[in-house]
Amino acid sequence: MRAALMERGKIWVDTVPDPVPLAGEVLVKTRACGICGSDLHAARHTDAFVATSREAGGAFKLTTFDPVVLGHEFSAEVVDYGPNTPHDLAVGQLVCSVPMLARANPLAVGYSAEIPGGFAEYMVLSRSLLLPVPNGTPDTHAALTEPMAVGLHAVNKARLAGNEAILVLGCGPVGLAIITALEQRGAGPIVAADYSPRRRELALGQGAHLALDPKAGSAFDAQELKRSRDIVIFECIGVPGSIDKIFLAAPQNARIVVVGVCLEMDHARPLIAINKELSVQYVLGYSLDEFRQTLHHIADGSFDVAPLITAHVGLDAVASSFEALRDPERHAKILVEPWRA
């Protein structure tokens, strides 16, 4: 099969062996797979990504310098079953899955040299983790279940009571997923901040009540925030120094939910947070139930993901798409469709 491989930032298309499903696994044909910010990090900062993964462990990791087929935001269709696996989904059924392979030693789909991710024509997935996509849901929309579940999980971790004013710092795909989840449950007012005019436009479209340019002044000065005594801040930037700046600007007793992934050594001064009695919650991923909820929110239209998809490409354009995503004015989410001409 054809696949796009990545090794220390180099991306190329090659022919690799078709994956073979083991017991409890299903062979699937990839329909669509989003390029995630984590994929960009893995390609641009491979050494730091691998070093941190090896040190920290956990499911979210790239621990090899060998070529890998990235891609963990996908939809696919059932092709065949491994041995001793119930044939309970029809061939051709559209599915999505948490990107993990439930073997004795679990593997992260899209971050393992042992199995391919979604930038390949075929994958193997665990039947126990497969979710059938509701009829009528486009495969391209279903592929956004994984990144939108990240937003839902972050919002759940914030434990909103319903009377908060909310600030979302950074309106890339993660920030936009959070805004979408906030809008779906009627939270707010939602203030978004990003340097990119295009991302601010998308933030308003996904439900932000106000979108500000940090160059024009501090978002913390927005009246929508000052009128509330309970402020929740979602940090979706992932750049060194961001958390310390939030400590400085945040009001007393604010809650900070850190969603942005910073792979570099960072610093933040605890005394500032202590003086203000700030609460900080770091988040990662989602639960199986949140993944399932997200799929149904996409299917019923309460999560409107169509505006977030800004390009559809085939495997031959994966490398150039990684470069194109450096420009926030051009793209939000690029979907790779391995069978696209």
# chains A, B, ... in the order shown; residues from 1 in each chain; ligands from 1
call {"tool": "residues_around", "arguments": {"residues": "Ile35 in chain A", "least_positions_apart": "4", "cutoff": "10 Å", "atoms": "only C-alpha atoms", "output": "MDAnalysis selection string"}}
result
chainID A and resid 39:40 70:74 118:119 147 318 321:322 325 332:336
call {"tool": "write_last_selection", "arguments": {"atoms": "C-alpha atoms", "output": "PDB file, in the first residue's frame"}}
result
ATOM      1  CA  ASP A  39       1.988  15.739  13.976  1.00  0.00           C
ATOM      2  CA  LEU A  40       3.625  19.076  13.198  1.00  0.00           C
ATOM      3  CA  LEU A  70       1.654   9.562  11.270  1.00  0.00           C
ATOM      4  CA  GLY A  71      -2.077  10.308  11.463  1.00  0.00           C
ATOM      5  CA  HIS A  72      -4.429   9.782  14.405  1.00  0.00           C
ATOM      6  CA  GLU A  73      -7.523  11.864  13.477  1.00  0.00           C
ATOM      7  CA  PHE A  74      -9.304   9.543  11.083  1.00  0.00           C
ATOM      8  CA  GLY A 118      -3.997   7.420   8.980  1.00  0.00           C
ATOM      9  CA  PHE A 119      -1.599   8.791   6.362  1.00  0.00           C
ATOM     10  CA  PRO A 147      -9.561  16.592  17.778  1.00  0.00           C
ATOM     11  CA  VAL A 318       1.249  15.623   2.851  1.00  0.00           C
ATOM     12  CA  SER A 321       0.609  20.521   3.671  1.00  0.00           C
ATOM     13  CA  PHE A 322       2.870  20.383   6.737  1.00  0.00           C
ATOM     14  CA  LEU A 325       0.058  24.817   8.051  1.00  0.00           C
ATOM     15  CA  ALA A 332      -7.300  25.432  10.082  1.00  0.00           C
ATOM     16  CA  LYS A 333      -7.609  21.695   9.415  1.00  0.00           C
ATOM     17  CA  ILE A 334      -6.184  19.930   6.358  1.00  0.00           C
ATOM     18  CA  LEU A 335      -7.626  16.473   5.715  1.00  0.00           C
ATOM     19  CA  VAL A 336      -5.507  13.801   4.047  1.00  0.00           C
TER      20      VAL A 336
END
call {"tool": "residues_around", "arguments": {"residues": "range 130-145 of chain A", "least_positions_apart": "3", "cutoff": "6 Å", "atoms": "only C-alpha atoms", "output": "PyMOL selection string"}}
result
chain A and resi 32-33+73-75+94-97+127+148-149+294-295+299
call {"tool": "closest_residue", "arguments": {"among": "A:Gly186, A:Pro240, A:Gly57, A:Pro116", "to": "Leu27 in chain A", "atoms": "only C-alpha atoms"}}
result
A:Pro116
call {"tool": "select_by_dssp", "arguments": {"residues": "range 121-184 of chain A", "states": "helix (DSSP H, G or I)", "output": "NGL selection string"}}
result
:A and (127-129 or 139-142 or 145-157 or 173-184)
call {"tool": "write_last_selection", "arguments": {"atoms": "C-alpha atoms", "output": "mmCIF file, in the first residue's frame"}}
result
data_model
loop_
_atom_site.group_PDB
_atom_site.id
_atom_site.type_symbol
_atom_site.label_atom_id
_atom_site.label_comp_id
_atom_site.auth_asym_id
_atom_site.auth_seq_id
_atom_site.Cartn_x
_atom_site.Cartn_y
_atom_site.Cartn_z
ATOM 1 C CA ARG A 127 -12.628 -3.965 17.239
ATOM 2 C CA SER A 128 -13.298 -3.140 20.899
ATOM 3 C CA LEU A 129 -12.546 0.538 20.233
ATOM 4 C CA ASP A 139 -16.491 10.716 6.433
ATOM 5 C CA THR A 140 -14.606 14.025 6.483
ATOM 6 C CA HIS A 141 -16.659 15.242 9.445
ATOM 7 C CA ALA A 142 -16.287 11.946 11.325
ATOM 8 C CA THR A 145 -14.046 13.284 16.159
ATOM 9 C CA GLU A 146 -10.612 12.914 17.743
ATOM 10 C CA PRO A 147 -9.561 16.592 17.778
ATOM 11 C CA MET A 148 -13.042 17.766 18.779
ATOM 12 C CA ALA A 149 -13.019 15.279 21.669
ATOM 13 C CA VAL A 150 -9.882 17.030 22.947
ATOM 14 C CA GLY A 151 -11.902 20.245 23.159
ATOM 15 C CA LEU A 152 -14.828 18.559 24.889
ATOM 16 C CA HIS A 153 -12.501 16.971 27.447
ATOM 17 C CA ALA A 154 -10.809 20.295 28.207
ATOM 18 C CA VAL A 155 -14.181 21.944 28.784
ATOM 19 C CA ASN A 156 -15.287 19.075 31.036
ATOM 20 C CA LYS A 157 -12.080 19.389 33.045
ATOM 21 C CA PRO A 173 -7.670 23.769 15.963
ATOM 22 C CA VAL A 174 -7.542 23.055 19.711
ATOM 23 C CA GLY A 175 -8.844 26.489 20.687
ATOM 24 C CA LEU A 176 -11.568 26.250 18.048
ATOM 25 C CA ALA A 177 -12.592 22.812 19.335
ATOM 26 C CA ILE A 178 -12.881 24.252 22.847
ATOM 27 C CA ILE A 179 -14.979 27.185 21.610
ATOM 28 C CA THR A 180 -17.247 24.746 19.762
ATOM 29 C CA ALA A 181 -17.771 22.677 22.906
ATOM 30 C CA LEU A 182 -18.375 25.790 25.018
ATOM 31 C CA GLU A 183 -20.954 27.104 22.549
ATOM 32 C CA GLN A 184 -22.737 23.739 22.448
#
call {"tool": "atom_distance", "arguments": {"atom1": "CA of Asp327 in chain A", "atom2": "CA of Ala42 in chain A"}}
result
17.7 Å
call {"tool": "closest_residue", "arguments": {"among": "A:Ile115, A:Val91, A:Val79, A:Ala56", "to": "Ala3 in chain A", "atoms": "only C-alpha atoms"}}
result
A:Ile115
call {"tool": "residues_around", "arguments": {"residues": "Val258 in chain A", "least_positions_apart": "2", "cutoff": "6 Å", "atoms": "only C-alpha atoms", "output": "number ranges by chain"}}
result
A: 235, 260, 282
call {"tool": "write_last_selection", "arguments": {"atoms": "all heavy atoms", "output": "PDB file, in the first residue's frame"}}
result
ATOM      1  N   GLU A 235      -5.593  27.945  27.989  1.00  0.00           N
ATOM      2  CA  GLU A 235      -4.320  28.236  27.340  1.00  0.00           C
ATOM      3  C   GLU A 235      -4.126  27.230  26.211  1.00  0.00           C
ATOM      4  O   GLU A 235      -3.917  26.038  26.448  1.00  0.00           O
ATOM      5  CB  GLU A 235      -3.181  28.141  28.345  1.00  0.00           C
ATOM      6  CG  GLU A 235      -1.836  28.621  27.812  1.00  0.00           C
ATOM      7  CD  GLU A 235      -1.128  27.571  26.977  1.00  0.00           C
ATOM      8  OE1 GLU A 235      -1.073  26.410  27.392  1.00  0.00           O
ATOM      9  OE2 GLU A 235      -0.635  27.933  25.892  1.00  0.00           O
ATOM     10  N   GLY A 260      -2.495  23.698  25.568  1.00  0.00           N
ATOM     11  CA  GLY A 260      -1.407  23.811  24.602  1.00  0.00           C
ATOM     12  C   GLY A 260      -0.232  22.937  24.997  1.00  0.00           C
ATOM     13  O   GLY A 260       0.113  22.824  26.176  1.00  0.00           O
ATOM     14  N   TYR A 282      -3.889  20.933  34.093  1.00  0.00           N
ATOM     15  CA  TYR A 282      -3.338  20.454  32.827  1.00  0.00           C
ATOM     16  C   TYR A 282      -4.238  19.338  32.299  1.00  0.00           C
ATOM     17  O   TYR A 282      -4.756  18.527  33.076  1.00  0.00           O
ATOM     18  CB  TYR A 282      -1.920  19.918  33.020  1.00  0.00           C
ATOM     19  CG  TYR A 282      -0.893  20.991  33.290  1.00  0.00           C
ATOM     20  CD1 TYR A 282      -0.666  21.460  34.586  1.00  0.00           C
ATOM     21  CD2 TYR A 282      -0.138  21.526  32.254  1.00  0.00           C
ATOM     22  CE1 TYR A 282       0.284  22.445  34.843  1.00  0.00           C
ATOM     23  CE2 TYR A 282       0.817  22.508  32.493  1.00  0.00           C
ATOM     24  CZ  TYR A 282       1.015  22.960  33.789  1.00  0.00           C
ATOM     25  OH  TYR A 282       1.948  23.937  34.032  1.00  0.00           O
TER      26      TYR A 282
END
call {"tool": "closest_residue", "arguments": {"among": "A:Arg8, A:Arg340, A:Arg159, A:His331", "to": "Val313 in chain A", "atoms": "only C-alpha atoms"}}
result
A:Arg340
call {"tool": "closest_residue", "arguments": {"among": "A:Glu55, A:Glu25, A:Glu114, A:Asp194", "to": "Pro214 in chain A", "atoms": "only C-alpha atoms"}}
result
A:Asp194
call {"tool": "closest_residue", "arguments": {"among": "A:Asp230, A:Gly82, A:Phe220, A:Gly241", "to": "Arg255 in chain A", "atoms": "only C-alpha atoms"}}
result
A:Asp230
call {"tool": "atom_distance", "arguments": {"atom1": "CA of Ser302 in chain A", "atom2": "CA of Gly205 in chain A"}}
result
13.3 Å
call {"tool": "closest_residue", "arguments": {"among": "A:Leu107, A:Cys262, A:Val191, A:Cys36", "to": "Phe49 in chain A", "atoms": "only C-alpha atoms"}}
result
A:Cys262
call {"tool": "atom_distance", "arguments": {"atom1": "CA of Met1 in chain A", "atom2": "CA of Ala120 in chain A"}}
result
7.4 Å
